[in-house]
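Everything below belongs to final_38.txt, which stores compact mmCIF, C-alpha atoms.
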```txt
# COMPACT_ATOMS: atom_id res chain seq x y z
CA MET A 11 -62.59 -36.50 -65.34
CA SER A 12 -61.89 -38.21 -68.68
CA ASP A 13 -62.78 -36.86 -72.14
CA LYS A 14 -65.35 -39.60 -72.53
CA GLU A 15 -67.17 -38.57 -69.35
CA VAL A 16 -67.14 -34.93 -70.45
CA LEU A 17 -68.60 -35.82 -73.87
CA LEU A 18 -71.22 -38.04 -72.27
CA GLY A 19 -72.06 -35.22 -69.92
CA MET A 20 -72.65 -32.98 -72.94
CA GLY A 21 -75.34 -35.37 -74.10
CA PHE A 22 -73.52 -37.26 -76.90
CA ASP A 23 -74.38 -40.91 -77.52
CA ALA A 24 -71.98 -43.35 -75.85
CA ALA A 25 -71.35 -45.36 -79.05
CA ARG A 26 -70.55 -42.22 -81.02
CA VAL A 27 -68.24 -41.02 -78.25
CA ASP A 28 -66.32 -44.34 -78.38
CA TRP A 29 -66.11 -44.06 -82.19
CA ALA A 30 -64.82 -40.46 -82.03
CA LEU A 31 -62.19 -41.20 -79.38
CA LYS A 32 -60.89 -44.25 -81.24
CA ALA A 33 -60.90 -42.53 -84.64
CA THR A 34 -58.95 -39.59 -83.27
CA GLY A 35 -56.53 -41.76 -81.33
CA ASN A 36 -57.59 -40.20 -77.99
CA ARG A 37 -55.75 -37.02 -78.96
CA GLY A 38 -57.97 -34.80 -76.86
CA LEU A 39 -61.37 -33.23 -76.53
CA GLN A 40 -61.02 -30.91 -79.57
CA PRO A 41 -60.44 -33.67 -82.19
CA ALA A 42 -63.18 -35.78 -80.65
CA MET A 43 -65.61 -32.86 -80.77
CA ASP A 44 -64.70 -32.22 -84.44
CA HIS A 45 -65.28 -35.86 -85.28
CA LEU A 46 -68.66 -35.95 -83.52
CA ILE A 47 -69.88 -32.79 -85.24
CA GLU A 48 -68.59 -33.74 -88.72
CA ASN A 49 -70.02 -37.27 -88.59
CA GLU A 50 -73.31 -36.40 -86.97
CA GLY A 51 -76.06 -38.48 -88.53
CA LYS A 52 -73.70 -40.97 -90.19
CA PRO A 53 -73.99 -44.68 -89.33
CA ILE A 54 -71.58 -45.95 -86.69
CA PRO A 55 -69.06 -48.44 -88.18
CA ASP A 56 -67.61 -51.51 -86.53
CA LEU A 57 -65.08 -50.12 -84.03
CA SER A 58 -62.69 -53.01 -84.70
CA SER A 59 -62.18 -51.67 -88.26
CA VAL A 60 -61.63 -48.06 -87.12
CA SER A 61 -58.06 -46.83 -86.83
CA ALA A 62 -56.59 -43.55 -85.67
CA SER A 63 -55.20 -42.92 -89.18
CA SER A 64 -58.71 -42.15 -90.43
CA ALA A 65 -59.13 -39.27 -88.00
CA PRO A 66 -59.77 -35.91 -89.71
CA ALA A 67 -57.43 -33.02 -89.09
CA PRO A 68 -58.70 -30.35 -86.72
CA SER A 69 -60.50 -27.49 -88.41
CA GLY A 70 -58.14 -24.71 -89.47
CA GLY A 71 -58.28 -21.23 -88.05
CA GLY A 72 -56.21 -18.46 -86.61
CA PRO A 73 -54.17 -18.85 -83.39
CA MET A 74 -56.53 -16.66 -81.37
CA ASP A 75 -59.57 -18.62 -82.59
CA GLU A 76 -57.90 -21.86 -81.56
CA ASP A 77 -57.15 -20.41 -78.13
CA GLU A 78 -60.76 -19.37 -77.72
CA ASP A 79 -61.99 -22.81 -78.75
CA ASN A 80 -59.59 -24.51 -76.39
CA GLU A 81 -60.64 -22.24 -73.59
CA GLU A 82 -64.27 -23.02 -74.34
CA LEU A 83 -63.54 -26.75 -74.34
CA GLU A 84 -61.56 -26.52 -71.14
CA ALA A 85 -64.34 -24.53 -69.60
CA LEU A 86 -66.90 -27.10 -70.65
CA LYS A 87 -64.67 -29.87 -69.41
CA ALA A 88 -64.23 -28.14 -66.10
CA VAL A 89 -67.94 -27.44 -65.82
CA TYR A 90 -69.10 -30.90 -66.76
CA GLY A 91 -66.35 -32.65 -64.89
CA LYS A 92 -66.17 -30.70 -61.68
CA GLU A 93 -69.41 -28.85 -61.13
CA ALA A 94 -71.02 -31.76 -59.31
CA ARG A 95 -68.10 -32.10 -56.97
CA ALA A 96 -67.90 -28.34 -56.64
CA GLY A 97 -71.54 -28.30 -55.63
CA GLU A 98 -70.96 -31.01 -53.04
CA GLY A 99 -67.95 -29.13 -51.65
CA SER A 100 -69.90 -25.93 -51.35
CA SER A 101 -72.75 -27.59 -49.48
CA ALA A 102 -70.41 -29.55 -47.19
CA GLY A 103 -68.13 -26.60 -46.42
CA GLY A 104 -70.98 -24.32 -45.52
CA GLU A 105 -70.08 -21.22 -43.70
CA ALA A 106 -66.58 -22.52 -42.86
CA ALA A 107 -65.42 -21.65 -46.36
CA GLY A 108 -66.98 -18.24 -46.39
CA ALA A 109 -63.73 -16.32 -46.55
CA GLU A 110 -61.97 -18.90 -48.64
CA ALA A 111 -60.92 -18.09 -52.24
CA LYS A 112 -63.61 -19.15 -54.69
CA SER A 113 -61.73 -18.48 -57.97
CA ILE A 114 -58.54 -17.21 -59.58
CA LYS A 115 -58.51 -13.87 -61.40
CA CYS A 116 -56.06 -12.68 -64.10
CA SER A 117 -54.80 -9.24 -63.11
CA VAL A 118 -53.92 -8.42 -66.74
CA CYS A 119 -57.20 -9.06 -68.54
CA GLY A 120 -59.59 -9.43 -65.58
CA LYS A 121 -60.84 -12.93 -66.56
CA THR A 122 -61.92 -15.19 -63.70
CA PHE A 123 -61.18 -18.91 -63.71
CA LYS A 124 -62.76 -21.62 -61.64
CA ASN A 125 -59.57 -23.53 -60.82
CA VAL A 126 -55.78 -23.46 -61.15
CA ASP A 127 -55.76 -25.70 -64.23
CA LEU A 128 -57.82 -23.25 -66.23
CA ALA A 129 -55.69 -20.34 -65.00
CA ASN A 130 -52.47 -22.11 -66.04
CA TYR A 131 -53.95 -22.91 -69.43
CA HIS A 132 -54.87 -19.24 -69.90
CA ALA A 133 -51.34 -18.19 -68.89
CA GLU A 134 -49.76 -20.54 -71.47
CA LYS A 135 -51.97 -19.32 -74.28
CA SER A 136 -52.03 -15.58 -73.53
CA GLY A 137 -48.63 -15.06 -71.86
CA HIS A 138 -50.27 -13.37 -68.88
CA ASP A 139 -48.34 -14.03 -65.66
CA GLN A 140 -50.16 -12.01 -62.98
CA PHE A 141 -52.98 -13.81 -61.14
CA GLU A 142 -54.66 -13.38 -57.77
CA GLU A 143 -57.15 -15.26 -55.69
CA SER A 144 -60.72 -14.03 -55.75
CA THR A 145 -63.70 -14.59 -53.45
CA GLU A 146 -65.99 -14.30 -56.46
CA GLU A 147 -67.70 -17.59 -56.95
CA ILE A 148 -68.27 -18.85 -60.46
CA LYS A 149 -71.72 -20.28 -60.48
CA PRO A 150 -72.17 -23.62 -62.25
CA LEU A 151 -73.89 -23.52 -65.59
CA THR A 152 -77.51 -24.50 -65.78
CA GLU A 153 -78.66 -27.11 -68.27
CA GLU A 154 -79.95 -24.35 -70.50
CA GLU A 155 -76.60 -22.54 -70.36
CA LYS A 156 -74.77 -25.79 -71.11
CA LYS A 157 -76.86 -26.35 -74.22
CA GLN A 158 -76.37 -22.74 -75.29
CA ARG A 159 -72.59 -22.94 -74.78
CA LEU A 160 -72.40 -26.20 -76.76
CA ALA A 161 -74.51 -24.74 -79.57
CA GLU A 162 -72.27 -21.69 -79.77
CA LEU A 163 -69.22 -23.94 -79.93
CA LYS A 164 -70.74 -26.00 -82.74
CA GLU A 165 -71.67 -22.84 -84.63
CA ARG A 166 -68.15 -21.49 -84.30
CA MET A 167 -66.64 -24.76 -85.54
CA ALA A 168 -69.06 -24.82 -88.48
CA ALA A 169 -68.09 -21.26 -89.41
CA LYS A 170 -64.42 -22.21 -89.34
CA ARG A 171 -65.04 -25.23 -91.54
CA ALA A 172 -66.97 -23.03 -94.00
CA ALA A 173 -64.11 -20.51 -94.07
CA LYS A 174 -61.62 -23.32 -94.62
CA ALA A 175 -63.75 -24.77 -97.43
CA LYS A 176 -63.88 -21.32 -99.04
CA GLU A 177 -60.09 -20.99 -98.88
CA GLU A 178 -59.68 -24.46 -100.36
CA ALA A 179 -62.08 -23.51 -103.19
CA LYS A 180 -59.96 -20.42 -103.91
CA GLU A 181 -56.81 -22.54 -103.95
CA THR A 182 -58.49 -25.02 -106.29
CA ILE A 183 -59.48 -22.22 -108.68
CA ALA A 184 -55.95 -20.78 -108.57
CA ASN A 185 -54.41 -24.21 -109.22
CA GLU A 186 -56.81 -24.79 -112.11
CA ALA A 187 -55.86 -21.41 -113.60
CA ILE A 188 -52.17 -22.33 -113.34
CA ARG A 189 -52.85 -25.71 -114.94
CA ARG A 190 -54.80 -24.13 -117.80
CA LYS A 191 -52.08 -21.55 -118.39
CA ALA A 192 -49.46 -24.31 -118.49
CA GLY A 193 -51.63 -26.25 -120.95
CA LYS A 194 -52.12 -23.12 -123.06
CA ASP A 195 -48.39 -22.48 -123.14
CA LEU A 196 -47.81 -26.10 -124.17
CA ASN A 197 -50.40 -25.78 -126.96
CA THR A 198 -48.70 -22.57 -128.14
CA ILE A 199 -45.34 -24.35 -128.29
CA ARG A 200 -46.92 -27.22 -130.23
CA GLU A 201 -48.53 -24.80 -132.70
CA GLU A 202 -45.21 -23.03 -133.22
CA MET A 203 -43.44 -26.33 -133.83
CA LYS A 204 -46.19 -27.38 -136.25
CA GLN A 205 -45.88 -24.06 -138.09
CA LYS A 206 -42.13 -24.51 -138.38
CA GLU A 207 -42.62 -28.02 -139.77
CA LEU A 208 -45.09 -26.67 -142.34
CA LEU A 209 -42.60 -23.98 -143.38
CA LYS A 210 -39.85 -26.59 -143.72
CA GLU A 211 -42.13 -28.81 -145.79
CA ALA A 212 -43.13 -25.88 -148.03
CA GLU A 213 -39.47 -24.94 -148.53
CA LYS A 214 -38.62 -28.56 -149.33
CA LYS A 215 -41.42 -28.75 -151.94
CA ARG A 216 -40.27 -25.44 -153.45
CA ARG A 217 -36.72 -26.75 -153.83
CA GLU A 218 -37.99 -30.01 -155.32
CA LYS A 219 -40.13 -28.04 -157.76
CA LEU A 220 -37.15 -25.97 -158.85
CA GLU A 221 -35.04 -29.09 -159.24
CA ASP A 222 -37.77 -30.76 -161.29
CA GLN A 223 -38.05 -27.70 -163.49
CA LYS A 224 -34.30 -27.67 -164.05
CA ALA A 225 -34.37 -31.38 -164.86
CA ARG A 226 -37.21 -30.87 -167.36
CA GLU A 227 -35.34 -28.03 -168.99
CA ALA A 228 -32.23 -30.18 -169.23
CA VAL A 229 -34.25 -33.04 -170.79
CA LYS A 230 -35.88 -30.61 -173.18
CA ALA A 231 -32.51 -29.22 -174.19
CA GLN A 232 -31.21 -32.75 -174.73
CA ILE A 233 -34.24 -33.61 -176.84
CA GLU A 234 -33.71 -30.51 -178.98
CA ALA A 235 -30.05 -31.38 -179.41
CA ASP A 236 -30.95 -34.96 -180.40
CA LYS A 237 -33.60 -33.68 -182.76
CA LYS A 238 -31.11 -31.33 -184.41
CA ALA A 239 -28.50 -34.09 -184.67
CA ARG A 240 -31.04 -36.46 -186.26
CA ALA A 241 -32.13 -33.76 -188.69
CA GLU A 242 -28.55 -33.08 -189.73
CA LYS A 243 -27.85 -36.78 -190.12
CA ALA A 244 -31.01 -37.29 -192.18
CA ALA A 245 -30.18 -34.29 -194.38
CA ARG A 246 -26.63 -35.56 -194.86
CA GLU A 247 -27.81 -39.06 -195.85
CA LYS A 248 -30.40 -37.60 -198.22
CA ALA A 249 -27.78 -35.40 -199.85
CA LEU A 250 -25.53 -38.42 -200.28
CA ARG A 251 -28.35 -40.43 -201.85
CA GLU A 252 -29.18 -37.63 -204.26
CA GLY A 253 -25.53 -36.95 -204.99
CA LYS A 254 -25.67 -33.42 -203.71
CA PRO A 255 -22.92 -31.79 -201.67
CA PHE A 256 -23.66 -31.35 -197.94
CA PRO A 257 -21.99 -28.48 -196.08
CA ASP A 258 -19.81 -29.46 -193.11
CA ALA A 259 -20.36 -28.34 -189.54
CA SER A 260 -18.05 -25.32 -189.87
CA ALA A 261 -19.96 -24.10 -192.88
CA GLN A 262 -23.25 -24.55 -191.05
CA ALA A 263 -21.92 -22.66 -188.03
CA SER A 264 -21.03 -19.69 -190.24
CA THR A 265 -24.54 -19.44 -191.70
CA SER A 266 -27.36 -17.54 -190.09
CA ALA A 267 -30.14 -19.14 -188.08
CA PRO A 268 -32.70 -19.21 -190.99
CA ALA A 269 -30.18 -21.13 -193.11
CA ALA A 270 -30.43 -24.10 -190.72
CA ALA A 271 -33.94 -24.91 -191.96
CA PRO A 272 -32.79 -27.48 -194.57
CA ALA A 273 -31.67 -29.76 -191.68
CA ALA A 274 -35.30 -30.41 -190.69
CA PRO A 275 -36.60 -33.99 -191.06
CA LYS A 276 -39.06 -33.11 -193.76
CA GLY A 277 -38.11 -32.48 -197.37
CA PRO A 278 -37.08 -28.94 -198.29
CA GLY A 279 -40.08 -26.73 -198.90
CA LYS A 280 -42.57 -29.57 -198.43
CA ASP A 281 -44.76 -30.55 -195.48
CA TYR A 282 -46.18 -34.05 -195.07
CA PRO A 283 -49.69 -33.97 -193.50
CA GLU A 284 -49.71 -37.79 -193.07
CA THR A 285 -47.21 -40.44 -192.08
CA ARG A 286 -47.44 -44.08 -193.07
CA LEU A 287 -46.05 -46.36 -190.39
CA GLN A 288 -45.10 -50.02 -190.57
CA ILE A 289 -44.76 -51.30 -187.02
CA ARG A 290 -42.88 -54.53 -186.41
CA MET A 291 -43.12 -56.37 -183.14
CA ALA A 292 -39.80 -57.22 -181.54
CA SER A 293 -41.21 -60.68 -180.85
CA GLY A 294 -41.74 -61.27 -184.58
CA GLY A 295 -44.83 -61.80 -186.70
CA GLN A 296 -46.58 -59.79 -189.36
CA PRO A 297 -46.04 -56.00 -189.14
CA TYR A 298 -48.93 -53.62 -188.49
CA THR A 299 -49.38 -50.87 -191.06
CA THR A 300 -51.31 -47.64 -190.61
CA THR A 301 -51.42 -44.07 -191.84
CA LEU A 302 -51.80 -41.33 -189.23
CA PRO A 303 -51.74 -37.53 -189.40
CA SER A 304 -48.27 -36.12 -188.82
CA ASP A 305 -49.71 -34.20 -185.84
CA SER A 306 -50.67 -37.48 -184.09
CA THR A 307 -48.80 -38.22 -180.88
CA LEU A 308 -46.72 -41.29 -180.21
CA ARG A 309 -49.35 -42.28 -177.66
CA GLU A 310 -51.95 -42.46 -180.42
CA VAL A 311 -49.65 -44.88 -182.23
CA ALA A 312 -49.51 -46.98 -179.03
CA GLU A 313 -53.32 -46.88 -178.76
CA PHE A 314 -53.62 -48.04 -182.41
CA LEU A 315 -51.26 -50.93 -181.74
CA ALA A 316 -53.08 -51.88 -178.50
CA ALA A 317 -56.33 -52.02 -180.49
CA GLN A 318 -54.75 -54.53 -182.90
CA THR A 319 -53.38 -57.00 -180.32
CA LEU A 320 -54.13 -57.74 -176.67
CA SER A 321 -50.43 -58.29 -175.92
CA VAL A 322 -49.75 -54.54 -176.10
CA ASP A 323 -50.39 -52.21 -173.16
CA VAL A 324 -50.36 -48.49 -173.92
CA GLU A 325 -48.67 -47.72 -170.59
CA THR A 326 -45.80 -50.18 -171.00
CA VAL A 327 -45.03 -50.54 -174.73
CA ASN A 328 -41.81 -48.99 -176.06
CA PHE A 329 -40.96 -47.84 -179.60
CA SER A 330 -37.66 -47.57 -181.45
CA LEU A 331 -36.22 -46.86 -184.89
CA THR A 332 -33.71 -49.27 -186.46
CA PHE A 333 -32.34 -46.63 -188.81
CA PRO A 334 -31.30 -44.17 -187.72
CA ARG A 335 -31.13 -46.08 -184.45
CA LYS A 336 -33.32 -44.37 -181.85
CA THR A 337 -35.23 -45.50 -178.76
CA PHE A 338 -38.11 -43.29 -177.66
CA ALA A 339 -38.63 -42.50 -173.97
CA ARG A 340 -41.98 -42.42 -172.19
CA SER A 341 -41.78 -38.64 -172.16
CA ASP A 342 -41.89 -38.71 -176.00
CA PHE A 343 -45.42 -40.19 -176.00
CA SER A 344 -46.95 -36.71 -175.74
CA ARG A 345 -45.01 -35.41 -178.75
CA THR A 346 -46.25 -35.49 -182.35
CA LEU A 347 -44.80 -37.64 -185.12
CA ARG A 348 -43.62 -34.50 -186.88
CA ASP A 349 -41.76 -33.30 -183.75
CA LEU A 350 -40.17 -36.72 -183.35
CA GLY A 351 -39.05 -36.76 -186.97
CA LEU A 352 -41.34 -39.69 -187.85
CA THR A 353 -42.36 -38.31 -191.27
CA PRO A 354 -42.19 -40.22 -194.56
CA SER A 355 -38.76 -38.76 -195.30
CA ALA A 356 -37.39 -40.19 -192.04
CA VAL A 357 -39.38 -43.43 -191.61
CA SER A 358 -40.10 -44.38 -195.23
CA GLY A 359 -42.64 -46.92 -193.99
CA THR A 360 -40.05 -49.26 -192.48
CA GLY A 361 -37.78 -49.66 -189.50
CA PHE A 362 -40.34 -48.70 -186.77
CA ALA A 363 -40.49 -51.37 -184.06
CA ALA A 364 -42.55 -51.91 -180.92
CA THR A 365 -41.04 -53.68 -177.88
CA LEU A 366 -43.08 -55.22 -175.04
CA PRO A 367 -41.74 -55.29 -171.46
CA ARG A 368 -40.56 -58.63 -170.13
```

Here is the file; what I need is its structure written in the form of structure tokens.
Amino acid sequence: MSDKEVLLGMGFDAARVDWALKATGNRGLQPAMDHLIENEGKPIPDLSSVSASSAPAPSGGGPMDEDEDNEELEALKAVYGKEARAGEGSSAGGEAAGAEAKSIKCSVCGKTFKNVDLANYHAEKSGHDQFEESTEEIKPLTEEEKKQRLAELKERMAAKRAAKAKEEAKETIANEAIRRKAGKDLNTIREEMKQKELLKEAEKKRREKLEDQKAREAVKAQIEADKKARAEKAAREKALREGKPFPDASAQASTSAPAAAPAAPKGPGKDYPETRLQIRMASGGQPYTTTLPSDSTLREVAEFLAAQTLSVDVETVNFSLTFPRKTFARSDFSRTLRDLGLTPSAVSGTGFAATLPR
């Protein structure tokens, strides 16, 4: 008897049986039963669009469970497929078959099978190889027993599917834990790399700061040297104008540090609280004259000049002396006129020029 007839005999709908057999590629009663149970209640699709590739895999389980299921299916198949004919044979044979073997019994486990096919199947699955004929007749199942056997089979399959789903859930949780750990390790590596970059950046800024400090100290030393040179030159020129002797560099080197005071820009023993400036534009025109405290910065001079003419920008204007020749840098704008040597003894109201950028 075919699988379709067995399934129909179990009470399944004919259309669903055709769907199950086609979806499983007619691979046997077990896949068809799985398909029917799993898709129970679902709408039946067009069979022309159904292919065997969409068949679900049989429910997982242990080898012994699979053997028991197969035995159950074979038993159902044998019952539904052969019980009618077995009944006819028993009624037709009558008393003539009284002493005839009614079943086959396994001498190892004591199980009784209705026919040779079931006995061979049991031998393949269990490895038992000792069988004998038996006069014990296996009565056909009643309708109630058939329904009970089918319900038990469905319950067993459902339990296996639940166990498989539980195992899959465990695997999913384990895989998620592995994925999270890998992501955490990656985040740790990224944080370490970021920390290293921050350390490198901090070290780079520290070196730049040290280099800037050294550069400022070098500029400051150069400014002090220029200031000293200008003071010496101014003192020498003043001594020449007044007809006084001026000691040479060797004489100055032999004197003590306090003796170097006469080389300062201001007159000996006299401080000038104010400085009168006459500022000439390099572009020509009338000079601008003002008197500022000697403690005023060069930037204040630039602000005064910017207030006199719109052509001057405090941030871009440059100043210079024509005698002694000197060009002031932007770093000098924060220094006072006294520190820069722009006192009456050095400027004398003339020779201070402002230059605009081109």

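For the set A:Ile289, A:Ser341, A:Asp23, A:Ile47, the residue with the smallest atom-to-atom gap to A:Ala316 is A:Ile289, counting all atoms listed in the file.
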
Proximity to A:Ile114 - best of A:Ala33, A:Leu347, A:Val126, A:Ala312, all atoms listed in the file =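 Selected residue with least distance to A:Ile114: A:Val126.
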
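One distance worth recording is that between atom CA of A:Glu142 and atom CA of A:Lys112, which is 11.1 Å.
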
Kindly give the distance, in Å, that separates atom CA of A:Ala187 and atom CA of A:Ala168, rounded to a single decimal.
->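 Result for atom CA of A:Ala187 versus atom CA of A:Ala168: 28.6 Å, one decimal.
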
Would you mind reading off the distance between atom CA of A:Arg246 and atom CA of A:Phe338, one decimal, in Å?
->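 A separation of 22.1 Å between them.
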
Counting only C-alpha atoms, which of A:Arg200, A:Arg309, A:Arg251, A:Arg159 gets nearest to A:Arg340?
->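 So, comparing all the options, the nearest one is A:Arg309.
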
Would you kindly identify which residues have an atom no farther than 10 Å from (-73.0, -41.3, -86.0), using only C-alpha atoms and the file's own coordinates, and write them out as an NGL selection string?
-> :A and (22-23 or 25-27 or 29-30 or 45-55)
